[in-house]
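Asks: File query_16.pdb follows (PDB, C-alpha atoms, pLDDT in the B column):
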```
MODEL        1
ATOM      1  CA  MET A  17      60.502 101.303 122.736  1.00 44.00           C
ATOM      2  CA  SER A  18      63.445 103.674 123.141  1.00 54.00           C
ATOM      3  CA  GLU A  19      62.815 106.997 124.779  1.00 73.00           C
ATOM      4  CA  HIS A  20      62.488 110.141 122.748  1.00 81.00           C
ATOM      5  CA  THR A  21      61.530 113.755 123.283  1.00 86.00           C
ATOM      6  CA  ILE A  22      58.760 115.512 121.372  1.00 87.00           C
ATOM      7  CA  VAL A  23      59.124 119.256 120.982  1.00 86.00           C
ATOM      8  CA  PRO A  24      55.754 120.845 120.099  1.00 84.00           C
ATOM      9  CA  LEU A  25      55.635 123.023 117.033  1.00 80.00           C
ATOM     10  CA  ALA A  26      55.887 126.714 117.755  1.00 70.00           C
ATOM     11  CA  SER A  27      52.854 128.903 117.155  1.00 61.00           C
ATOM     12  CA  GLY A  28      52.606 129.732 113.471  1.00 62.00           C
ATOM     13  CA  SER A  29      54.815 126.804 112.419  1.00 67.00           C
ATOM     14  CA  ILE A  30      52.041 125.547 110.151  1.00 72.00           C
ATOM     15  CA  ALA A  31      49.960 127.960 108.092  1.00 68.00           C
ATOM     16  CA  LEU A  32      47.107 126.384 106.130  1.00 69.00           C
ATOM     17  CA  LEU A  33      45.909 128.103 102.970  1.00 68.00           C
ATOM     18  CA  PRO A  34      42.257 128.439 101.841  1.00 63.00           C
ATOM     19  CA  PHE A  35      40.515 126.323  99.213  1.00 65.00           C
ATOM     20  CA  ARG A  36      38.541 127.041  96.062  1.00 68.00           C
ATOM     21  CA  PRO A  37      35.256 125.205  95.340  1.00 65.00           C
ATOM     22  CA  SER A  38      36.227 121.971  93.602  1.00 71.00           C
ATOM     23  CA  PHE A  39      36.228 118.175  93.940  1.00 74.00           C
ATOM     24  CA  HIS A  40      40.026 118.153  93.532  1.00 77.00           C
ATOM     25  CA  LEU A  41      41.690 120.136  96.282  1.00 80.00           C
ATOM     26  CA  PRO A  42      45.267 120.754  97.379  1.00 82.00           C
ATOM     27  CA  LEU A  43      45.792 120.898 101.133  1.00 84.00           C
ATOM     28  CA  ARG A  44      48.498 123.557 101.149  1.00 82.00           C
ATOM     29  CA  PHE A  45      50.505 124.683 104.119  1.00 82.00           C
ATOM     30  CA  THR A  46      53.804 126.260 105.096  1.00 80.00           C
ATOM     31  CA  VAL A  47      56.122 124.534 107.568  1.00 80.00           C
ATOM     32  CA  ASN A  48      58.732 126.236 109.714  1.00 75.00           C
ATOM     33  CA  ALA A  49      61.757 124.082 108.951  1.00 71.00           C
ATOM     34  CA  LYS A  50      64.035 125.181 111.815  1.00 77.00           C
ATOM     35  CA  ASP A  51      65.352 122.236 113.820  1.00 78.00           C
ATOM     36  CA  PRO A  52      64.828 123.109 117.551  1.00 79.00           C
ATOM     37  CA  SER A  53      68.044 121.329 118.570  1.00 80.00           C
ATOM     38  CA  HIS A  54      69.980 123.996 116.674  1.00 78.00           C
ATOM     39  CA  ALA A  55      68.432 126.759 118.763  1.00 75.00           C
ATOM     40  CA  SER A  56      68.585 125.230 122.253  1.00 78.00           C
ATOM     41  CA  GLU A  57      71.178 123.055 123.972  1.00 79.00           C
ATOM     42  CA  SER A  58      68.437 121.553 126.159  1.00 81.00           C
ATOM     43  CA  VAL A  59      66.881 119.847 123.136  1.00 82.00           C
ATOM     44  CA  PRO A  60      68.595 116.537 122.299  1.00 84.00           C
ATOM     45  CA  SER A  61      69.577 115.891 118.716  1.00 82.00           C
ATOM     46  CA  PRO A  62      68.887 114.656 116.110  1.00 84.00           C
ATOM     47  CA  CYS A  63      65.357 115.954 115.506  1.00 87.00           C
ATOM     48  CA  ARG A  64      62.860 114.942 112.859  1.00 87.00           C
ATOM     49  CA  LEU A  65      59.591 116.654 112.067  1.00 88.00           C
ATOM     50  CA  HIS A  66      56.419 114.521 112.204  1.00 91.00           C
ATOM     51  CA  LEU A  67      52.907 115.558 111.151  1.00 91.00           C
ATOM     52  CA  ASP A  68      49.589 113.745 111.431  1.00 92.00           C
ATOM     53  CA  ILE A  69      46.667 115.260 109.533  1.00 92.00           C
ATOM     54  CA  SER A  70      43.198 113.743 109.926  1.00 93.00           C
ATOM     55  CA  LEU A  71      40.269 114.567 107.653  1.00 92.00           C
ATOM     56  CA  PRO A  72      36.489 114.080 107.956  1.00 91.00           C
ATOM     57  CA  ASP A  73      34.708 111.725 105.587  1.00 90.00           C
ATOM     58  CA  ALA A  74      33.593 114.522 103.224  1.00 89.00           C
ATOM     59  CA  VAL A  75      37.162 114.634 101.876  1.00 89.00           C
ATOM     60  CA  PHE A  76      39.730 111.882 101.430  1.00 90.00           C
ATOM     61  CA  TYR A  77      43.298 111.135 100.474  1.00 91.00           C
ATOM     62  CA  ASP A  78      44.171 109.264  97.283  1.00 88.00           C
ATOM     63  CA  ARG A  79      47.052 106.857  97.951  1.00 89.00           C
ATOM     64  CA  ASP A  80      48.233 106.842  94.310  1.00 88.00           C
ATOM     65  CA  GLU A  81      48.412 110.629  94.168  1.00 90.00           C
ATOM     66  CA  LEU A  82      50.257 110.802  97.478  1.00 92.00           C
ATOM     67  CA  ARG A  83      53.059 108.685  96.021  1.00 91.00           C
ATOM     68  CA  ASP A  84      53.621 111.311  93.311  1.00 91.00           C
ATOM     69  CA  ALA A  85      53.036 114.368  95.498  1.00 91.00           C
ATOM     70  CA  LEU A  86      55.267 113.431  98.448  1.00 92.00           C
ATOM     71  CA  PRO A  87      58.540 112.091  97.033  1.00 91.00           C
ATOM     72  CA  ASP A  88      60.531 113.753  99.848  1.00 90.00           C
ATOM     73  CA  PHE A  89      58.393 112.306 102.664  1.00 92.00           C
ATOM     74  CA  GLU A  90      57.979 109.058 104.485  1.00 92.00           C
ATOM     75  CA  TRP A  91      54.264 108.526 105.099  1.00 93.00           C
ATOM     76  CA  THR A  92      51.514 106.133 106.098  1.00 92.00           C
ATOM     77  CA  LEU A  93      47.783 106.351 105.493  1.00 93.00           C
ATOM     78  CA  ARG A  94      45.000 104.992 107.701  1.00 90.00           C
ATOM     79  CA  PRO A  95      42.754 103.245 106.964  1.00 89.00           C
ATOM     80  CA  ASP A  96      44.798 101.187 104.526  1.00 84.00           C
ATOM     81  CA  VAL A  97      41.951 101.064 101.984  1.00 84.00           C
ATOM     82  CA  ILE A  98      39.785 104.116 101.261  1.00 85.00           C
ATOM     83  CA  ASP A  99      36.694 103.768  99.067  1.00 86.00           C
ATOM     84  CA  ILE A 100      37.009 106.753  96.755  1.00 81.00           C
ATOM     85  CA  GLU A 101      33.711 106.156  94.914  1.00 82.00           C
ATOM     86  CA  ARG A 102      31.087 106.113  97.668  1.00 85.00           C
ATOM     87  CA  PRO A 103      29.134 109.200  98.803  1.00 84.00           C
ATOM     88  CA  VAL A 104      29.788 110.843 102.162  1.00 85.00           C
ATOM     89  CA  GLN A 105      28.968 108.985 105.378  1.00 86.00           C
ATOM     90  CA  PRO A 106      29.080 111.417 108.326  1.00 77.00           C
ATOM     91  CA  SER A 107      29.528 108.582 110.837  1.00 83.00           C
ATOM     92  CA  ALA A 108      32.599 107.162 109.068  1.00 87.00           C
ATOM     93  CA  PRO A 109      35.935 107.366 110.948  1.00 88.00           C
ATOM     94  CA  LEU A 110      38.503 110.030 110.147  1.00 90.00           C
ATOM     95  CA  SER A 111      41.291 109.256 107.696  1.00 92.00           C
ATOM     96  CA  ASN A 112      44.813 109.960 108.945  1.00 92.00           C
ATOM     97  CA  LEU A 113      47.950 110.849 107.018  1.00 94.00           C
ATOM     98  CA  HIS A 114      51.127 110.544 109.089  1.00 93.00           C
ATOM     99  CA  LEU A 115      54.143 112.006 107.351  1.00 91.00           C
ATOM    100  CA  ALA A 116      57.724 112.965 108.095  1.00 90.00           C
ATOM    101  CA  PRO A 117      60.008 114.812 105.669  1.00 88.00           C
ATOM    102  CA  THR A 118      63.342 113.300 104.726  1.00 86.00           C
ATOM    103  CA  ASP A 119      66.636 115.203 104.792  1.00 83.00           C
ATOM    104  CA  ARG A 120      66.187 115.845 101.072  1.00 84.00           C
ATOM    105  CA  PHE A 121      63.090 117.966 101.783  1.00 83.00           C
ATOM    106  CA  PHE A 122      64.982 120.430 103.972  1.00 78.00           C
ATOM    107  CA  SER A 123      68.245 120.398 102.025  1.00 80.00           C
ATOM    108  CA  ARG A 124      66.712 121.514  98.741  1.00 77.00           C
ATOM    109  CA  LYS A 125      66.912 125.144  97.697  1.00 77.00           C
ATOM    110  CA  PRO A 126      63.972 127.408  98.640  1.00 71.00           C
ATOM    111  CA  ARG A 127      61.383 127.704  95.906  1.00 74.00           C
ATOM    112  CA  ASP A 128      59.341 130.708  94.806  1.00 73.00           C
ATOM    113  CA  GLY A 129      57.363 132.105  97.719  1.00 69.00           C
ATOM    114  CA  GLU A 130      59.409 130.315 100.399  1.00 69.00           C
ATOM    115  CA  GLU A 131      61.131 132.444 102.995  1.00 71.00           C
ATOM    116  CA  PHE A 132      64.342 131.410 104.735  1.00 69.00           C
ATOM    117  CA  GLY A 133      63.617 128.476 107.053  1.00 70.00           C
ATOM    118  CA  GLU A 134      60.246 127.771 105.440  1.00 76.00           C
ATOM    119  CA  ARG A 135      59.033 124.989 103.214  1.00 81.00           C
ATOM    120  CA  LYS A 136      55.701 124.790 101.403  1.00 82.00           C
ATOM    121  CA  VAL A 137      53.836 121.485 101.190  1.00 86.00           C
ATOM    122  CA  LYS A 138      50.921 120.592  98.909  1.00 86.00           C
ATOM    123  CA  ILE A 139      48.919 117.429  99.589  1.00 90.00           C
ATOM    124  CA  PRO A 140      46.201 116.424  97.095  1.00 88.00           C
ATOM    125  CA  ILE A 141      42.813 115.579  98.581  1.00 89.00           C
ATOM    126  CA  HIS A 142      39.432 114.913  96.988  1.00 87.00           C
ATOM    127  CA  ALA A 143      35.854 115.711  97.952  1.00 85.00           C
ATOM    128  CA  ARG A 144      33.049 113.174  98.093  1.00 86.00           C
ATOM    129  CA  TYR A 145      29.592 113.602  96.609  1.00 80.00           C
ATOM    130  CA  LEU A 146      27.333 115.481  99.004  1.00 79.00           C
ATOM    131  CA  GLU A 147      23.544 115.601  99.111  1.00 79.00           C
ATOM    132  CA  PRO A 148      22.245 117.965  96.371  1.00 82.00           C
ATOM    133  CA  ASN A 149      20.690 121.215  97.529  1.00 76.00           C
ATOM    134  CA  ALA A 150      19.068 124.263  95.942  1.00 82.00           C
ATOM    135  CA  ALA A 151      22.271 126.329  96.060  1.00 77.00           C
ATOM    136  CA  GLY A 152      24.387 123.675  94.360  1.00 79.00           C
ATOM    137  CA  LEU A 153      27.110 124.238  96.966  1.00 81.00           C
ATOM    138  CA  ASP A 154      27.699 123.181 100.551  1.00 84.00           C
ATOM    139  CA  THR A 155      30.295 124.290 103.076  1.00 86.00           C
ATOM    140  CA  ILE A 156      32.001 122.072 105.596  1.00 84.00           C
ATOM    141  CA  TRP A 157      34.621 123.155 108.110  1.00 88.00           C
ATOM    142  CA  LEU A 158      37.980 121.499 108.583  1.00 88.00           C
ATOM    143  CA  PHE A 159      39.743 121.528 111.948  1.00 88.00           C
ATOM    144  CA  SER A 160      36.834 123.237 113.702  1.00 88.00           C
ATOM    145  CA  GLY A 161      36.108 120.662 116.435  1.00 85.00           C
ATOM    146  CA  VAL A 162      35.136 117.056 117.049  1.00 84.00           C
ATOM    147  CA  GLY A 163      34.717 115.073 113.828  1.00 86.00           C
ATOM    148  CA  SER A 164      36.128 117.791 111.553  1.00 88.00           C
ATOM    149  CA  GLY A 165      39.724 116.599 111.509  1.00 91.00           C
ATOM    150  CA  GLN A 166      42.786 117.967 113.224  1.00 91.00           C
ATOM    151  CA  VAL A 167      46.499 118.571 112.793  1.00 90.00           C
ATOM    152  CA  LYS A 168      49.070 117.018 115.100  1.00 90.00           C
ATOM    153  CA  GLY A 169      52.781 117.537 114.897  1.00 88.00           C
ATOM    154  CA  GLY A 170      56.094 117.979 116.608  1.00 88.00           C
ATOM    155  CA  TRP A 171      59.813 117.489 116.406  1.00 89.00           C
ATOM    156  CA  VAL A 172      60.809 113.998 117.579  1.00 88.00           C
ATOM    157  CA  CYS A 173      64.264 114.442 119.103  1.00 89.00           C
ATOM    158  CA  GLY A 174      66.994 112.438 120.771  1.00 84.00           C
ATOM    159  CA  ASN A 175      66.525 109.077 119.080  1.00 78.00           C
ATOM    160  CA  SER A 176      67.417 108.546 115.445  1.00 68.00           C
ATOM    161  CA  SER A 177      66.519 104.837 115.580  1.00 71.00           C
ATOM    162  CA  ILE A 178      62.852 105.183 116.539  1.00 75.00           C
ATOM    163  CA  PRO A 179      60.665 103.635 113.803  1.00 76.00           C
ATOM    164  CA  PHE A 180      58.604 106.095 111.825  1.00 76.00           C
ATOM    165  CA  GLU A 181      55.366 104.207 112.559  1.00 75.00           C
ATOM    166  CA  ALA A 182      56.062 104.147 116.313  1.00 74.00           C
ATOM    167  CA  VAL A 183      55.529 107.882 116.721  1.00 80.00           C
ATOM    168  CA  ASN A 184      51.903 108.158 117.811  1.00 77.00           C
ATOM    169  CA  ASP A 185      51.898 110.621 120.696  1.00 82.00           C
ATOM    170  CA  LEU A 186      52.118 113.877 118.778  1.00 88.00           C
ATOM    171  CA  PRO A 187      50.513 116.973 120.343  1.00 90.00           C
ATOM    172  CA  ILE A 188      47.686 118.854 118.639  1.00 89.00           C
ATOM    173  CA  VAL A 189      48.811 121.856 116.617  1.00 87.00           C
ATOM    174  CA  PRO A 190      46.476 124.856 117.090  1.00 84.00           C
ATOM    175  CA  THR A 191      45.010 125.509 113.663  1.00 83.00           C
ATOM    176  CA  MET A 192      42.490 128.039 112.456  1.00 83.00           C
ATOM    177  CA  PRO A 193      39.302 126.370 111.114  1.00 86.00           C
ATOM    178  CA  ILE A 194      39.111 126.381 107.327  1.00 85.00           C
ATOM    179  CA  PRO A 195      35.825 126.553 105.375  1.00 85.00           C
ATOM    180  CA  LEU A 196      35.645 124.135 102.478  1.00 83.00           C
ATOM    181  CA  THR A 197      32.967 124.890  99.866  1.00 82.00           C
ATOM    182  CA  LEU A 198      32.062 121.883  97.747  1.00 81.00           C
ATOM    183  CA  PRO A 199      29.869 121.571  94.643  1.00 77.00           C
ATOM    184  CA  THR A 200      26.809 119.382  95.279  1.00 78.00           C
ATOM    185  CA  GLY A 201      24.591 119.728  92.250  1.00 70.00           C
ATOM    186  CA  LYS A 202      20.938 120.754  92.518  1.00 73.00           C
ATOM    187  CA  PRO A 203      17.850 118.543  92.933  1.00 63.00           C
ATOM    188  CA  SER A 204      16.475 120.008  89.698  1.00 62.00           C
ATOM    189  CA  HIS A 205      19.445 118.493  87.855  1.00 58.00           C
ATOM    190  CA  GLN A 206      18.659 114.949  88.979  1.00 61.00           C
ATOM    191  CA  GLY A 207      16.252 114.257  86.098  1.00 65.00           C
ATOM    192  CA  TRP A 208      18.854 115.214  83.523  1.00 62.00           C
ATOM    193  CA  VAL A 209      21.465 113.148  85.343  1.00 65.00           C
ATOM    194  CA  ASP A 210      19.187 110.084  85.200  1.00 68.00           C
ATOM    195  CA  ILE A 211      18.510 110.640  81.495  1.00 79.00           C
ATOM    196  CA  GLY A 212      22.195 111.138  80.725  1.00 76.00           C
ATOM    197  CA  THR A 213      23.158 108.027  82.688  1.00 79.00           C
ATOM    198  CA  THR A 214      20.569 105.893  80.883  1.00 83.00           C
ATOM    199  CA  VAL A 215      21.603 107.184  77.458  1.00 84.00           C
ATOM    200  CA  SER A 216      25.291 106.588  78.245  1.00 85.00           C
ATOM    201  CA  ILE A 217      24.593 103.010  79.315  1.00 89.00           C
ATOM    202  CA  TRP A 218      22.650 102.287  76.124  1.00 89.00           C
ATOM    203  CA  ILE A 219      25.334 103.845  73.923  1.00 91.00           C
ATOM    204  CA  CYS A 220      27.982 101.704  75.605  1.00 89.00           C
ATOM    205  CA  PHE A 221      25.801  98.605  75.189  1.00 88.00           C
ATOM    206  CA  VAL A 222      25.186  99.279  71.475  1.00 89.00           C
ATOM    207  CA  TRP A 223      28.893 100.002  70.876  1.00 91.00           C
ATOM    208  CA  LEU A 224      29.916  96.801  72.661  1.00 90.00           C
ATOM    209  CA  ALA A 225      27.364  94.733  70.701  1.00 89.00           C
ATOM    210  CA  TRP A 226      28.577  96.271  67.426  1.00 90.00           C
ATOM    211  CA  LYS A 227      32.202  95.595  68.352  1.00 87.00           C
ATOM    212  CA  ILE A 228      31.463  91.954  69.161  1.00 88.00           C
ATOM    213  CA  TRP A 229      29.542  91.534  65.904  1.00 87.00           C
ATOM    214  CA  THR A 230      32.264  93.088  63.724  1.00 86.00           C
ATOM    215  CA  THR A 231      34.997  91.086  65.449  1.00 85.00           C
ATOM    216  CA  SER A 232      33.120  87.795  65.121  1.00 81.00           C
ATOM    217  CA  THR A 233      32.390  88.592  61.443  1.00 80.00           C
ATOM    218  CA  GLN A 234      36.075  89.208  60.737  1.00 77.00           C
ATOM    219  CA  VAL A 235      37.043  85.999  62.503  1.00 73.00           C
ATOM    220  CA  ALA A 236      34.435  84.062  60.502  1.00 70.00           C
ATOM    221  CA  LYS A 237      35.668  85.533  57.221  1.00 69.00           C
ATOM    222  CA  GLY A 238      39.233  84.655  58.150  1.00 64.00           C
ATOM    223  CA  GLY A 239      38.175  81.037  58.766  1.00 59.00           C
ATOM    224  CA  VAL A 240      36.468  80.840  55.384  1.00 52.00           C
ATOM    225  CA  LYS A 241      39.566  82.127  53.613  1.00 55.00           C
ATOM    226  CA  GLU A 242      41.763  79.565  55.362  1.00 56.00           C
ATOM    227  CA  LYS A 243      39.450  76.733  54.261  1.00 54.00           C
ATOM    228  CA  SER A 244      39.446  77.957  50.660  1.00 54.00           C
ATOM    229  CA  LEU A 245      43.238  77.856  50.625  1.00 54.00           C
TER     230      LEU A 245
ENDMDL
END
```
Any chance you could give the structure as structure tokens?

Replies:
Amino acid sequence: MSEHTIVPLASGSIALLPFRPSFHLPLRFTVNAKDPSHASESVPSPCRLHLDISLPDAVFYDRDELRDALPDFEWTLRPDVIDIERPVQPSAPLSNLHLAPTDRFFSRKPRDGEEFGERKVKIPIHARYLEPNAAGLDTIWLFSGVGSGQVKGGWVCGNSSIPFEAVNDLPIVPTMPIPLTLPTGKPSHQGWVDIGTTVSIWICFVWLAWKIWTTSTQVAKGGVKEKSL
């Protein structure tokens, strides 16, 4: 593989914003968009920003939503298939989103709330179902240590031909831990959940049986009319 230089992100280059309790969460952060080769002759050009954000199993990326949310990025997601329906499994491996903005991302005009040389990014993530508890809420911490996810990033400089997927030696970006409060439901609600689930299943079954009966009746009537003609 061709040689390249990775320039670590300066302190404060990425600022993560807090969350609100919800199953549907935006991972929001601000990126310092200043190309280091423009500020120092010792840094070879061209440079391209790369980020790798890993998340614990309590939250996950949705591939379909990423396609809509990151039109100005090249990105890959690992693992390739993420089960979005199952409950949390603490021993499951981290999921990784590797992304790099295109020239279009930096060339666009600053939006509301963006300072000169800054760009805001919003990545949709979702929370899994956690074990119910008496409070109905549980807090996990992102980027607080082993198993809680981390942010890696840097400017890859001096080689414009390096494949996007070949960049895998990014340094860790120091990031303040972020508390993430998730709704869990309460054990006292479980009885009502079971009742509601059972009723919903029976309603669907009755509706489906009625639909089959009405459809077959109409088909039978149509056959009788054809014979009479």

Asks: Please indicate the distance in Å from atom CA of Pro140 of chain A to atom CA of Leu41 of chain A, rounded to one decimal place.

Replies: 5.9 Å

Asks: Return the single residue from A:His66, A:Arg44, A:Lys227, A:Arg120 that is closest to Lys138 of chain A, with distances computed using only C-alpha atoms.

Replies: A:Arg44

Asks: Pick out the residues sitting within 6 Å of Leu65 of chain A, and hand them over as a PyMOL selection string; count all atoms listed in the file, and ignore anything fewer than 3 positions along from it in its own chain.

Replies: chain A and resi 116+170-171

Asks: Excluding Gly174 of chain A and its own-chain neighbours fewer than 2 positions away, which residues fall within 8 Å of it when counting only C-alpha atoms? Please give them as a ChimeraX atom specification.

Replies: /A:19-21,59-63,172,176

Asks: On this file, the PyMOL selection byres ((chain A and resi 160-166) around 12) gives some set of residues; write that set as a count of residues only.

Replies: 39

Asks: Which residues come within 9 Å of Phe180 of chain A, counting only C-alpha atoms, excluding same-chain residues fewer than 3 positions away, as a PyMOL selection string?

Replies: chain A and resi 66+90-91+115-116+177+183

Asks: Taking all atoms listed in the file into account, name the residue in A:Arg144, A:Arg127, A:Lys50, A:Arg102 that is nearest to Val23 of chain A.

Replies: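 Closest candidate: A:Lys50.
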
Asks: Of the candidates A:Ala49, A:Leu93, A:Leu146, A:Val104, which shows the shortest atom-to-atom distance to Gly201 of chain A, using all atoms listed in the file?

Replies: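 For Gly201 of chain A, the nearest of the candidates is A:Leu146.
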